[in-house]
Amino acid sequence: MRAFVTGGAGFIGSHLVDRLAASGYSVVVFDNFSTGRRDFLDGARDRCRIIEGDVLDRVRLGAAMAGTDVVFHLAANADVRFGTHHPEKDLQQNTVGTFNVLSAMREAGVQRLVFTSTGSVYGEPSVFPTPEDAPFPTQTSFYGASKLAGEGLISAFCEAYGFQAHIFRLVSVLGERNTHGHVFDFCRALLTDPSQLRVLGNGRQRKSYVYVHDCIDAILLALDRPSRRLNIFNVGTTEHAEVNDSVRWISDRLDVKPAIEYSGGARGWVGDSPFIFLDTSKLRALGWVPRVSIKDAVIKTVDYLVEQRHLLDSRP
């Protein structure tokens with residue numbers, strides 16, 4: 001079985017490549033290395049082929065995909081916070097990029113797709129935990145809107161060309177190789193100056209998170225079960241935590257006691273949902289149960305970043 005993984009050198013993608021390679025897949029990694037890292041693929045380097053390329057390059061993408069059995073499309077711009085600074089970046093990398101992947105699949109005769117979407121597509125929902133069939137409110141971020149547009153394209157390709165797709169709406173993912181997000185930002189800030197920490201918002205934003213290996217377990221389990229043409233799953237835990245909880249866990253792990261400065265308001269930035277909590281009963285009905293709590297996922301991420309301090313210094 002030949003798997004083609006866009007964004008395969010990234011945080012989640014590289015863990016997926018490790019698991020696919022260990023399971024006997026022949027893996028092709030397609031990544032532009034804008035945020036992905038070659039060293040993340042060290043453990044699977046002798047079991048995968050690495051192609052440097054961008055999903056916006058349709059010619060290179062199509063050539064690389066030849067002979068593929070299943071596509072895992074993870075390449076995306078995940079920079080939710082700064083979406084208002086460059087909205088076209090989300091459109092191009094997330095929506096147009098997804099269209100290019102789908103078009104390349106059609107031309108190559110590939111029928112199976114796995115797509116990592118986001119819980120941000122729910123905007124600010126009125127139902128908690130939020131199920132997959134919840135009414136969609138107004139979109140609140142360019143990231144969420146671009147991912148939802150990608151989902152729409154996938155659905156249309158499934159109907160028009162007989163594709164089979166699995167869409168996974170993820171909460172924020174934590175764990176080893178994490179290179180963005182609040183744990184990364186807080187660790188970098190506190191290791192630079194342990195005396196103070198600036199928190200966007202009021203610290204009472206409630207979020208759900210999932211450990212990266214639990215996330216990969218969910219994806220591979222769902223793929224191994226009888227499926228429809230279009231399959232959509234939420235991926236998260238049955239708990240949520242305040243940003244203040246994360247601040248405390250991170251500070252305790254680093255053994256620092258910073259003065260906290262809040263920027264005020266219920267949202268840290270435009271598009272920041274103050275409460276994210278997804279209903280994962282559909283996925284759990286397949287037998288999936290996350291093994292790592294949010295607190296332990298935060299701590300594992302902190303320990304990794306302390307050990308791999310160079311990652312904190314490599315991001316602007």
# chains A, B, ... in the order shown; residues from 1 in each chain; ligands from 1
>>> residues_around(residues="segment 108-118 of chain A", least_positions_apart="6", cutoff="8 Å", atoms="only C-alpha atoms", output="list in words")
Gly62, Met65, Ala66, Gly67, Thr68, Asp69, Val70, Val71, Phe72, His73, Leu74, Gly144, Lys147, Leu148, Glu151, Gly162, Phe163, Gln164, Ala165, His166, Ile167, Phe168, Arg169, Leu170 and Val171 of chain A
>>> select_by_dssp(residues="segment 28-119 of chain A", states="helix (DSSP H, G or I)", output="ChimeraX atom specification")
/A:38-47,58-65,83-85,87-108,119
>>> write_last_selection(atoms="C-alpha atoms", output="PDB file, in the first residue's frame")
ATOM      1  CA  ARG A  38      13.696  17.081   7.853  1.00  0.00           C
ATOM      2  CA  ASP A  39      14.966  15.868  11.223  1.00  0.00           C
ATOM      3  CA  PHE A  40      11.386  15.002  12.213  1.00  0.00           C
ATOM      4  CA  LEU A  41      11.608  12.271   9.567  1.00  0.00           C
ATOM      5  CA  ASP A  42      14.858  10.751  10.820  1.00  0.00           C
ATOM      6  CA  GLY A  43      13.113   7.734  12.319  1.00  0.00           C
ATOM      7  CA  ALA A  44      11.410   6.822   9.042  1.00  0.00           C
ATOM      8  CA  ARG A  45      13.959   8.104   6.548  1.00  0.00           C
ATOM      9  CA  ASP A  46      14.951   4.648   5.318  1.00  0.00           C
ATOM     10  CA  ARG A  47      11.282   3.688   4.868  1.00  0.00           C
ATOM     11  CA  ARG A  58       0.140  21.377  -9.491  1.00  0.00           C
ATOM     12  CA  VAL A  59       2.659  19.936 -11.951  1.00  0.00           C
ATOM     13  CA  ARG A  60       5.100  18.755  -9.287  1.00  0.00           C
ATOM     14  CA  LEU A  61       2.250  17.577  -7.058  1.00  0.00           C
ATOM     15  CA  GLY A  62       0.678  15.488  -9.802  1.00  0.00           C
ATOM     16  CA  ALA A  63       3.968  13.894 -10.829  1.00  0.00           C
ATOM     17  CA  ALA A  64       4.808  12.992  -7.233  1.00  0.00           C
ATOM     18  CA  MET A  65       1.396  11.404  -6.603  1.00  0.00           C
ATOM     19  CA  GLY A  83      -5.030  35.220   9.732  1.00  0.00           C
ATOM     20  CA  THR A  84      -6.277  38.808   9.599  1.00  0.00           C
ATOM     21  CA  HIS A  85      -2.774  39.920   8.588  1.00  0.00           C
ATOM     22  CA  PRO A  87      -6.101  36.265   4.650  1.00  0.00           C
ATOM     23  CA  GLU A  88      -5.018  35.219   1.158  1.00  0.00           C
ATOM     24  CA  LYS A  89      -2.449  32.882   2.711  1.00  0.00           C
ATOM     25  CA  ASP A  90      -5.266  30.773   4.192  1.00  0.00           C
ATOM     26  CA  LEU A  91      -7.159  30.834   0.902  1.00  0.00           C
ATOM     27  CA  GLN A  92      -4.162  29.739  -1.142  1.00  0.00           C
ATOM     28  CA  GLN A  93      -2.548  27.190   1.134  1.00  0.00           C
ATOM     29  CA  ASN A  94      -5.675  25.676   2.672  1.00  0.00           C
ATOM     30  CA  THR A  95      -8.427  25.980   0.069  1.00  0.00           C
ATOM     31  CA  VAL A  96      -6.619  26.203  -3.280  1.00  0.00           C
ATOM     32  CA  GLY A  97      -4.042  23.720  -2.018  1.00  0.00           C
ATOM     33  CA  THR A  98      -6.812  21.245  -1.183  1.00  0.00           C
ATOM     34  CA  PHE A  99      -8.380  21.720  -4.620  1.00  0.00           C
ATOM     35  CA  ASN A 100      -4.989  20.992  -6.177  1.00  0.00           C
ATOM     36  CA  VAL A 101      -4.627  17.798  -4.146  1.00  0.00           C
ATOM     37  CA  LEU A 102      -8.104  16.658  -5.197  1.00  0.00           C
ATOM     38  CA  SER A 103      -7.404  17.476  -8.847  1.00  0.00           C
ATOM     39  CA  ALA A 104      -4.104  15.591  -8.740  1.00  0.00           C
ATOM     40  CA  MET A 105      -5.896  12.602  -7.210  1.00  0.00           C
ATOM     41  CA  ARG A 106      -8.466  12.624  -9.991  1.00  0.00           C
ATOM     42  CA  GLU A 107      -5.788  12.759 -12.669  1.00  0.00           C
ATOM     43  CA  ALA A 108      -3.771   9.993 -10.976  1.00  0.00           C
ATOM     44  CA  GLY A 119     -12.771  22.308  15.187  1.00  0.00           C
TER      45      GLY A 119
END
>>> residues_around(residues="segment 29-31 of chain A", least_positions_apart="3", cutoff="9 Å", atoms="only C-alpha atoms", output="list in words")
Ala3, Phe4, Val5, Thr6, Gly7, Gly8, Ala9, Gly10, Gly13, Ser14, Val17, Ser34, Gly36, Cys48, Arg49, Ile50, Ile51, Glu52, Gly53, Asp54, Val55, Leu61, Ala64, Met65 and Ala75 of chain A
>>> write_last_selection(atoms="N, CA and C atoms", output="compact mmCIF listing (two decimals), in the first residue's frame")
# COMPACT_ATOMS: atom_id res chain seq x y z
N ALA A 3 1.22 5.25 0.47
CA ALA A 3 0.59 6.42 1.08
C ALA A 3 1.35 7.67 0.66
N PHE A 4 0.61 8.70 0.34
CA PHE A 4 1.17 9.99 -0.05
C PHE A 4 0.74 10.98 1.02
N VAL A 5 1.72 11.62 1.70
CA VAL A 5 1.42 12.48 2.84
C VAL A 5 1.88 13.90 2.56
N THR A 6 0.94 14.81 2.34
CA THR A 6 1.32 16.21 2.21
C THR A 6 1.52 16.77 3.62
N GLY A 7 2.53 17.63 3.77
CA GLY A 7 2.84 18.13 5.10
C GLY A 7 3.42 17.06 6.01
N GLY A 8 4.02 16.06 5.41
CA GLY A 8 4.51 14.90 6.17
C GLY A 8 5.72 15.17 7.04
N ALA A 9 6.35 16.33 6.88
CA ALA A 9 7.49 16.66 7.73
C ALA A 9 7.09 17.57 8.89
N GLY A 10 5.80 17.84 9.01
CA GLY A 10 5.32 18.71 10.07
C GLY A 10 5.10 17.98 11.38
N GLY A 13 2.09 15.48 10.86
CA GLY A 13 2.41 14.68 9.69
C GLY A 13 3.57 13.73 9.91
N SER A 14 4.62 14.17 10.60
CA SER A 14 5.78 13.31 10.80
C SER A 14 5.46 12.13 11.70
N VAL A 17 3.64 9.71 9.50
CA VAL A 17 4.59 9.01 8.63
C VAL A 17 5.28 7.89 9.39
N SER A 34 8.36 24.72 4.79
CA SER A 34 8.22 26.08 5.33
C SER A 34 8.12 26.04 6.85
N GLY A 36 7.74 22.46 8.27
CA GLY A 36 8.18 21.09 8.54
C GLY A 36 9.68 21.00 8.65
N CYS A 48 10.82 5.82 3.78
CA CYS A 48 9.95 6.74 3.04
C CYS A 48 10.78 7.52 2.02
N ARG A 49 10.08 8.05 1.04
CA ARG A 49 10.70 8.90 0.03
C ARG A 49 10.26 10.33 0.30
N ILE A 50 11.20 11.25 0.31
CA ILE A 50 10.90 12.64 0.63
C ILE A 50 11.01 13.48 -0.64
N ILE A 51 9.93 14.19 -0.96
CA ILE A 51 9.91 15.08 -2.11
C ILE A 51 9.62 16.49 -1.62
N GLU A 52 10.52 17.41 -1.90
CA GLU A 52 10.28 18.80 -1.52
C GLU A 52 9.41 19.45 -2.60
N GLY A 53 8.24 19.90 -2.20
CA GLY A 53 7.32 20.50 -3.15
C GLY A 53 6.16 21.15 -2.43
N ASP A 54 5.47 22.02 -3.14
CA ASP A 54 4.35 22.78 -2.58
C ASP A 54 3.05 22.33 -3.23
N VAL A 55 1.97 22.24 -2.45
CA VAL A 55 0.69 21.83 -3.02
C VAL A 55 0.14 22.86 -4.00
N LEU A 61 3.14 18.36 -7.91
CA LEU A 61 2.25 17.58 -7.06
C LEU A 61 1.71 16.37 -7.81
N ALA A 64 4.40 13.69 -8.45
CA ALA A 64 4.81 12.99 -7.23
C ALA A 64 3.76 11.99 -6.77
N MET A 65 2.49 12.23 -7.11
CA MET A 65 1.40 11.40 -6.60
C MET A 65 1.18 10.14 -7.42
N ALA A 75 -0.96 19.17 4.73
CA ALA A 75 -0.30 20.45 4.46
C ALA A 75 -1.30 21.59 4.58
>>> residues_around(residues="Asp133 of chain A", least_positions_apart="6", cutoff="12 Å", atoms="only C-alpha atoms", output="JSON, numbers by chain")
{"A": [121, 122, 125, 127, 169, 231, 232, 233, 234, 278, 279, 280, 282]}
>>> closest_residue(among="A:Arg198, A:Arg206, A:His180, A:Arg81", to="Ala259 of chain A", atoms="only C-alpha atoms")
A:Arg198
>>> closest_residue(among="A:Glu261, A:Asp79, A:Glu239, A:Asp252", to="Tyr143 of chain A", atoms="only C-alpha atoms")
A:Asp79
>>> select_by_dssp(residues="segment 1-146 of chain A", states="strand (DSSP E or B)", output="list in words")
Arg2, Ala3, Phe4, Val5, Thr6, Ser26, Val27, Val28, Val29, Phe30, Asp31, Cys48, Arg49, Ile50, Ile51, Glu52, Val70, Val71, Phe72, His73, Arg112, Leu113, Val114, Phe115, Thr116, Ser117, Thr118 and Thr130 of chain A
>>> residues_around(residues="Trp288 of chain A", least_positions_apart="4", cutoff="10 Å", atoms="only C-alpha atoms", output="PyMOL selection string")
chain A and resi 214-215+217-219+221-222+235+280-284
>>> atom_distance(atom1="atom CA of Val302 of chain A", atom2="atom CA of Ile250 of chain A")
6.8 Å
